[in-house]
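The next block is target09.txt, given as compact mmCIF, N, CA and C atoms.
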# COMPACT_ATOMS: atom_id res chain seq x y z
N VAL A 235 73.40 -18.80 182.91
CA VAL A 235 73.09 -19.46 184.19
C VAL A 235 73.28 -18.45 185.31
N GLN A 236 72.26 -18.36 186.17
CA GLN A 236 72.35 -17.43 187.29
C GLN A 236 71.60 -18.01 188.48
N LEU A 237 72.21 -17.92 189.65
CA LEU A 237 71.59 -18.31 190.91
C LEU A 237 71.67 -17.11 191.84
N VAL A 238 70.53 -16.69 192.37
CA VAL A 238 70.50 -15.49 193.21
C VAL A 238 69.84 -15.84 194.54
N GLU A 239 70.65 -15.82 195.60
CA GLU A 239 70.15 -16.11 196.94
C GLU A 239 69.63 -14.83 197.60
N SER A 240 68.67 -15.03 198.50
CA SER A 240 68.14 -13.93 199.30
C SER A 240 67.57 -14.50 200.59
N GLY A 241 67.27 -13.60 201.53
CA GLY A 241 66.61 -14.03 202.76
C GLY A 241 67.51 -14.10 203.98
N GLY A 242 68.79 -13.85 203.82
CA GLY A 242 69.67 -13.86 204.97
C GLY A 242 69.45 -12.64 205.86
N GLY A 243 70.15 -12.64 206.99
CA GLY A 243 70.04 -11.51 207.90
C GLY A 243 70.58 -11.85 209.26
N LEU A 244 70.29 -10.96 210.20
CA LEU A 244 70.69 -11.13 211.60
C LEU A 244 69.52 -11.67 212.39
N VAL A 245 69.74 -12.74 213.13
CA VAL A 245 68.67 -13.35 213.91
C VAL A 245 69.24 -13.82 215.25
N GLN A 246 68.41 -13.80 216.26
CA GLN A 246 68.82 -14.26 217.58
C GLN A 246 68.86 -15.78 217.64
N PRO A 247 69.66 -16.34 218.51
CA PRO A 247 69.65 -17.80 218.68
C PRO A 247 68.24 -18.30 218.96
N GLY A 248 67.90 -19.40 218.31
CA GLY A 248 66.55 -19.94 218.42
C GLY A 248 65.59 -19.42 217.38
N GLY A 249 66.01 -18.42 216.64
CA GLY A 249 65.14 -17.83 215.63
C GLY A 249 65.13 -18.61 214.32
N SER A 250 64.40 -18.05 213.35
CA SER A 250 64.21 -18.72 212.06
C SER A 250 64.48 -17.76 210.91
N LEU A 251 64.90 -18.32 209.80
CA LEU A 251 65.04 -17.60 208.55
C LEU A 251 64.68 -18.55 207.42
N LYS A 252 64.19 -17.99 206.31
CA LYS A 252 63.94 -18.79 205.12
C LYS A 252 64.74 -18.19 203.96
N LEU A 253 65.66 -18.97 203.44
CA LEU A 253 66.48 -18.53 202.31
C LEU A 253 65.81 -18.96 201.01
N SER A 254 65.98 -18.13 199.99
CA SER A 254 65.49 -18.43 198.65
C SER A 254 66.64 -18.36 197.66
N CYS A 255 66.50 -19.13 196.59
CA CYS A 255 67.50 -19.10 195.53
C CYS A 255 66.77 -19.18 194.20
N ALA A 256 66.73 -18.05 193.50
CA ALA A 256 66.08 -17.99 192.20
C ALA A 256 67.09 -18.39 191.12
N VAL A 257 66.70 -19.40 190.33
CA VAL A 257 67.62 -19.96 189.34
C VAL A 257 67.12 -19.68 187.93
N THR A 258 68.01 -19.25 187.09
CA THR A 258 67.72 -19.10 185.66
C THR A 258 68.82 -19.80 184.86
N GLY A 259 68.44 -20.30 183.70
CA GLY A 259 69.43 -20.93 182.82
C GLY A 259 69.42 -22.45 182.84
N PHE A 260 68.81 -23.05 183.84
CA PHE A 260 68.64 -24.50 183.87
C PHE A 260 67.49 -24.82 184.81
N SER A 261 66.95 -26.02 184.69
CA SER A 261 65.80 -26.43 185.48
C SER A 261 66.26 -27.11 186.77
N ILE A 262 65.78 -26.62 187.91
CA ILE A 262 66.14 -27.27 189.17
C ILE A 262 65.42 -28.61 189.29
N GLU A 263 64.35 -28.79 188.51
CA GLU A 263 63.64 -30.07 188.55
C GLU A 263 64.52 -31.19 187.98
N LEU A 264 65.40 -30.85 187.05
CA LEU A 264 66.22 -31.84 186.37
C LEU A 264 67.63 -31.95 186.95
N ASN A 265 67.91 -31.20 187.99
CA ASN A 265 69.25 -31.18 188.57
C ASN A 265 69.21 -31.31 190.08
N THR A 266 70.11 -32.09 190.62
CA THR A 266 70.30 -32.11 192.06
C THR A 266 70.82 -30.73 192.50
N MET A 267 70.22 -30.22 193.55
CA MET A 267 70.59 -28.90 194.05
C MET A 267 71.00 -29.00 195.52
N SER A 268 71.97 -28.19 195.89
CA SER A 268 72.49 -28.18 197.25
C SER A 268 72.47 -26.79 197.84
N TRP A 269 72.44 -26.76 199.15
CA TRP A 269 72.79 -25.57 199.92
C TRP A 269 74.14 -25.87 200.58
N VAL A 270 75.04 -24.92 200.48
CA VAL A 270 76.33 -25.03 201.15
C VAL A 270 76.57 -23.73 201.90
N ARG A 271 77.48 -23.76 202.83
CA ARG A 271 77.76 -22.54 203.60
C ARG A 271 79.25 -22.42 203.86
N GLN A 272 79.66 -21.19 204.13
CA GLN A 272 81.06 -20.93 204.43
C GLN A 272 81.14 -19.98 205.62
N ALA A 273 81.62 -20.51 206.73
CA ALA A 273 81.81 -19.70 207.93
C ALA A 273 83.13 -18.93 207.80
N PRO A 274 83.28 -17.86 208.55
CA PRO A 274 84.52 -17.07 208.48
C PRO A 274 85.75 -17.93 208.71
N GLY A 275 86.69 -17.84 207.80
CA GLY A 275 87.95 -18.56 207.95
C GLY A 275 87.89 -20.04 207.63
N LYS A 276 86.75 -20.52 207.13
CA LYS A 276 86.60 -21.95 206.86
C LYS A 276 86.24 -22.18 205.39
N GLY A 277 86.30 -23.43 204.96
CA GLY A 277 85.96 -23.77 203.60
C GLY A 277 84.48 -23.99 203.42
N LEU A 278 84.07 -24.32 202.21
CA LEU A 278 82.68 -24.60 201.93
C LEU A 278 82.25 -25.88 202.65
N GLU A 279 81.07 -25.83 203.24
CA GLU A 279 80.51 -26.97 203.96
C GLU A 279 79.15 -27.29 203.37
N TRP A 280 78.96 -28.54 202.96
CA TRP A 280 77.67 -28.97 202.44
C TRP A 280 76.65 -28.99 203.58
N VAL A 281 75.44 -28.50 203.32
CA VAL A 281 74.39 -28.42 204.32
C VAL A 281 73.23 -29.36 203.99
N SER A 282 72.75 -29.29 202.75
CA SER A 282 71.56 -30.04 202.39
C SER A 282 71.48 -30.18 200.88
N ALA A 283 70.73 -31.18 200.43
CA ALA A 283 70.53 -31.38 199.00
C ALA A 283 69.17 -31.99 198.74
N ILE A 284 68.65 -31.68 197.56
CA ILE A 284 67.43 -32.32 197.07
C ILE A 284 67.80 -32.96 195.74
N ILE A 285 67.48 -34.25 195.63
CA ILE A 285 67.99 -35.05 194.53
C ILE A 285 67.04 -35.02 193.34
N ALA A 286 67.58 -34.77 192.17
CA ALA A 286 66.77 -34.74 190.96
C ALA A 286 66.17 -36.12 190.70
N GLY A 287 64.93 -36.11 190.27
CA GLY A 287 64.27 -37.36 189.89
C GLY A 287 63.41 -37.95 190.98
N ASN A 288 63.93 -38.03 192.21
CA ASN A 288 63.14 -38.63 193.28
C ASN A 288 62.81 -37.66 194.39
N ASN A 289 63.40 -36.44 194.33
CA ASN A 289 63.15 -35.40 195.33
C ASN A 289 63.50 -35.83 196.75
N HIS A 290 64.36 -36.82 196.89
CA HIS A 290 64.81 -37.17 198.23
C HIS A 290 65.66 -36.02 198.77
N MET A 291 65.54 -35.79 200.07
CA MET A 291 66.25 -34.70 200.71
C MET A 291 67.27 -35.25 201.70
N TYR A 292 68.42 -34.62 201.74
CA TYR A 292 69.48 -35.06 202.63
C TYR A 292 70.03 -33.86 203.38
N TYR A 293 70.48 -34.12 204.61
CA TYR A 293 70.97 -33.05 205.48
C TYR A 293 72.25 -33.48 206.19
N ASP A 294 73.10 -32.50 206.40
CA ASP A 294 74.24 -32.74 207.28
C ASP A 294 73.71 -32.95 208.70
N ASP A 295 74.39 -33.76 209.48
CA ASP A 295 73.93 -34.03 210.85
C ASP A 295 73.80 -32.76 211.68
N SER A 296 74.60 -31.75 211.37
CA SER A 296 74.59 -30.52 212.17
C SER A 296 73.30 -29.72 212.01
N VAL A 297 72.54 -29.99 210.95
CA VAL A 297 71.31 -29.22 210.71
C VAL A 297 70.07 -30.10 210.67
N LYS A 298 70.25 -31.42 210.74
CA LYS A 298 69.13 -32.34 210.64
C LYS A 298 68.11 -32.06 211.73
N GLY A 299 66.84 -31.99 211.35
CA GLY A 299 65.78 -31.71 212.30
C GLY A 299 65.51 -30.23 212.49
N ARG A 300 66.39 -29.39 211.98
CA ARG A 300 66.21 -27.93 212.12
C ARG A 300 66.01 -27.24 210.77
N PHE A 301 66.64 -27.75 209.74
CA PHE A 301 66.57 -27.14 208.41
C PHE A 301 65.72 -28.02 207.49
N THR A 302 65.03 -27.37 206.55
CA THR A 302 64.23 -28.09 205.55
C THR A 302 64.49 -27.49 204.18
N ILE A 303 64.90 -28.34 203.25
CA ILE A 303 65.11 -27.90 201.87
C ILE A 303 63.85 -28.19 201.07
N SER A 304 63.54 -27.29 200.13
CA SER A 304 62.38 -27.51 199.26
C SER A 304 62.63 -26.80 197.94
N ALA A 305 61.78 -27.12 196.98
CA ALA A 305 61.94 -26.52 195.65
C ALA A 305 60.57 -26.26 195.05
N ASP A 306 60.45 -25.13 194.39
CA ASP A 306 59.23 -24.80 193.66
C ASP A 306 59.55 -24.84 192.17
N LYS A 307 59.03 -25.88 191.51
CA LYS A 307 59.36 -26.07 190.11
C LYS A 307 58.79 -24.97 189.23
N ALA A 308 57.62 -24.47 189.59
CA ALA A 308 56.97 -23.45 188.76
C ALA A 308 57.81 -22.18 188.67
N SER A 309 58.40 -21.79 189.79
CA SER A 309 59.20 -20.56 189.80
C SER A 309 60.70 -20.85 189.66
N ASN A 310 61.05 -22.14 189.62
CA ASN A 310 62.46 -22.55 189.53
C ASN A 310 63.28 -21.96 190.69
N THR A 311 62.71 -22.09 191.88
CA THR A 311 63.33 -21.50 193.07
C THR A 311 63.57 -22.57 194.12
N LEU A 312 64.73 -22.52 194.72
CA LEU A 312 65.11 -23.42 195.81
C LEU A 312 64.98 -22.67 197.13
N PHE A 313 64.59 -23.37 198.19
CA PHE A 313 64.41 -22.75 199.49
C PHE A 313 65.17 -23.53 200.56
N LEU A 314 65.46 -22.83 201.66
CA LEU A 314 66.00 -23.48 202.85
C LEU A 314 65.35 -22.82 204.06
N GLN A 315 64.45 -23.55 204.70
CA GLN A 315 63.84 -23.08 205.94
C GLN A 315 64.75 -23.46 207.10
N MET A 316 65.17 -22.48 207.86
CA MET A 316 66.11 -22.72 208.95
C MET A 316 65.46 -22.32 210.27
N ASN A 317 65.27 -23.29 211.13
CA ASN A 317 64.67 -23.06 212.45
C ASN A 317 65.67 -23.37 213.55
N SER A 318 65.37 -22.91 214.74
CA SER A 318 66.21 -23.17 215.91
C SER A 318 67.67 -22.85 215.61
N LEU A 319 67.89 -21.69 215.04
CA LEU A 319 69.23 -21.30 214.62
C LEU A 319 70.17 -21.15 215.80
N LYS A 320 71.43 -21.52 215.56
CA LYS A 320 72.48 -21.48 216.57
C LYS A 320 73.60 -20.55 216.10
N PRO A 321 74.39 -20.01 217.00
CA PRO A 321 75.51 -19.16 216.58
C PRO A 321 76.44 -19.85 215.59
N GLU A 322 76.60 -21.16 215.72
CA GLU A 322 77.48 -21.89 214.81
C GLU A 322 76.91 -22.02 213.41
N ASP A 323 75.67 -21.61 213.20
CA ASP A 323 75.10 -21.58 211.85
C ASP A 323 75.50 -20.31 211.10
N THR A 324 76.16 -19.39 211.76
CA THR A 324 76.59 -18.15 211.12
C THR A 324 77.54 -18.46 209.97
N ALA A 325 77.19 -17.97 208.78
CA ALA A 325 77.97 -18.25 207.57
C ALA A 325 77.34 -17.52 206.40
N VAL A 326 78.05 -17.52 205.28
CA VAL A 326 77.46 -17.14 204.01
C VAL A 326 76.88 -18.41 203.40
N TYR A 327 75.61 -18.35 203.03
CA TYR A 327 74.92 -19.52 202.48
C TYR A 327 74.78 -19.36 200.97
N TYR A 328 75.11 -20.43 200.27
CA TYR A 328 75.03 -20.47 198.82
C TYR A 328 74.13 -21.61 198.36
N CYS A 329 73.37 -21.36 197.30
CA CYS A 329 72.76 -22.49 196.61
C CYS A 329 73.67 -22.88 195.46
N ALA A 330 73.71 -24.16 195.15
CA ALA A 330 74.65 -24.65 194.15
C ALA A 330 74.03 -25.78 193.34
N LYS A 331 74.49 -25.89 192.13
CA LYS A 331 74.06 -26.98 191.25
C LYS A 331 74.91 -28.20 191.54
N GLY A 332 74.23 -29.31 191.79
CA GLY A 332 74.95 -30.55 192.02
C GLY A 332 75.23 -30.81 193.49
N ILE A 333 76.00 -31.85 193.73
CA ILE A 333 76.39 -32.22 195.09
C ILE A 333 77.79 -32.83 195.05
N TYR A 334 78.61 -32.44 196.04
CA TYR A 334 79.97 -32.98 196.15
C TYR A 334 80.76 -32.84 194.85
N ASN A 335 80.61 -31.70 194.18
CA ASN A 335 81.28 -31.49 192.90
C ASN A 335 82.11 -30.22 192.88
N GLY A 336 82.41 -29.68 194.05
CA GLY A 336 83.16 -28.44 194.13
C GLY A 336 82.30 -27.20 194.12
N TYR A 337 81.02 -27.37 193.74
CA TYR A 337 80.05 -26.27 193.82
C TYR A 337 80.49 -25.03 193.04
N ARG A 338 81.08 -25.24 191.87
CA ARG A 338 81.52 -24.10 191.07
C ARG A 338 80.35 -23.29 190.54
N THR A 339 79.22 -23.96 190.28
CA THR A 339 78.03 -23.24 189.83
C THR A 339 77.20 -22.92 191.04
N ARG A 340 77.36 -21.74 191.55
CA ARG A 340 76.65 -21.31 192.74
C ARG A 340 76.41 -19.82 192.67
N GLY A 341 75.56 -19.33 193.56
CA GLY A 341 75.23 -17.92 193.58
C GLY A 341 76.28 -17.09 194.31
N GLN A 342 75.89 -15.84 194.58
CA GLN A 342 76.81 -14.92 195.24
C GLN A 342 76.75 -15.06 196.76
N GLY A 343 75.73 -15.75 197.23
CA GLY A 343 75.60 -16.01 198.65
C GLY A 343 74.77 -14.98 199.39
N THR A 344 74.26 -15.40 200.55
CA THR A 344 73.53 -14.50 201.44
C THR A 344 74.03 -14.74 202.86
N GLN A 345 74.28 -13.64 203.57
CA GLN A 345 74.88 -13.74 204.91
C GLN A 345 73.82 -14.07 205.95
N VAL A 346 74.09 -15.06 206.77
CA VAL A 346 73.26 -15.40 207.92
C VAL A 346 74.11 -15.22 209.17
N THR A 347 73.63 -14.38 210.07
CA THR A 347 74.34 -14.13 211.33
C THR A 347 73.40 -14.44 212.48
N VAL A 348 73.82 -15.35 213.35
CA VAL A 348 73.02 -15.74 214.50
C VAL A 348 73.74 -15.24 215.75
N SER A 349 73.16 -14.25 216.38
CA SER A 349 73.81 -13.62 217.51
C SER A 349 72.78 -12.90 218.37
N SER A 350 73.06 -12.86 219.67
CA SER A 350 72.18 -12.11 220.59
C SER A 350 72.73 -10.71 220.79
Mind converting the file's structure to structure tokens?
Amino acid sequence: VQLVESGGGLVQPGGSLKLSCAVTGFSIELNTMSWVRQAPGKGLEWVSAIIAGNNHMYYDDSVKGRFTISADKASNTLFLQMNSLKPEDTAVYYCAKGIYNGYRTRGQGTQVTVSS
């Protein structure tokens, strides 16, 4: 099992980034997948999830209307489109298997820094 995030970087407030998470070892179509983040000095924070079976998408209130989660079944890749980024979005972003389960199965993370 391997999850590899990419797409992070430095962006100005109001800018956009699209994160990718390439998954091997299990099908994202058959598993609920989440994006979580960890800001400096803080714990893991759930950001968004796409639910296996019905593809319903859920977002934390802090990102609702700005972030969009999606999945490409053919490539087994999870995405997070992030628009209207704010300094408080600065964190390491991880994709993870499951939701509200401690997120032990997750990637190495990708750094997102929002700063002018």
Long-range neighbours of Val281 (chain A) as a ChimeraX atom specification, 8 Å cut-off, all atoms listed in the file, 4 positions minimum in chain: /A:268-271,292-298
Between atom C of Val257 (chain A) and atom C of Ala273 (chain A), distance in Å (one decimal):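 Rounded to one decimal, the two atoms are 25.5 Å apart.
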Contact residues around region 238-255 of chain A with all atoms listed in the file at 6.5 Å, ignoring same-chain residues under 3 positions, as a PyMOL selection string: chain A and resi 258+310-321+329+341-350
Contacts of Ile284 (chain A) within 8 Å, all atoms listed in the file, excl. fewer than 2 positions in-chain, as a list of chain:residue names: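 Listing them by chain and then by number gives A:Asn265, A:Thr266, A:Met267, A:Ser268, A:Trp269, A:Ser282, A:Ala286, A:Gly287, A:Asn288, A:Asn289, A:His290, A:Met291, A:Tyr292, A:Tyr293, A:Ile303, A:Ser304, A:Ala305, A:Gly332.
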Å distance separating CA of Tyr328 (chain A) from CA of Thr302 (chain A), one decimal place: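 Interatomic distance, CA of Tyr328 (chain A) to CA of Thr302 (chain A): 14.8 Å.
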Nearest to Ile262 (chain A), chosen from A:Asp323, A:Gly275, A:Lys331, A:Arg300, with only C-alpha atoms counted in the distances: A:Lys331
Nearest residue to Leu264 (chain A) from the set A:Val235, A:Thr324, A:Ala283, A:Lys307 (distances using only C-alpha atoms):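 Of all the options, A:Lys307 lies closest to Leu264 (chain A).
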Between atom C of Phe260 (chain A) and CA of Ala325 (chain A) - distance in Å to one decimal: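 So the two atoms, CA of Ala325 (chain A) and atom C of Phe260 (chain A), lie 25.9 Å apart.
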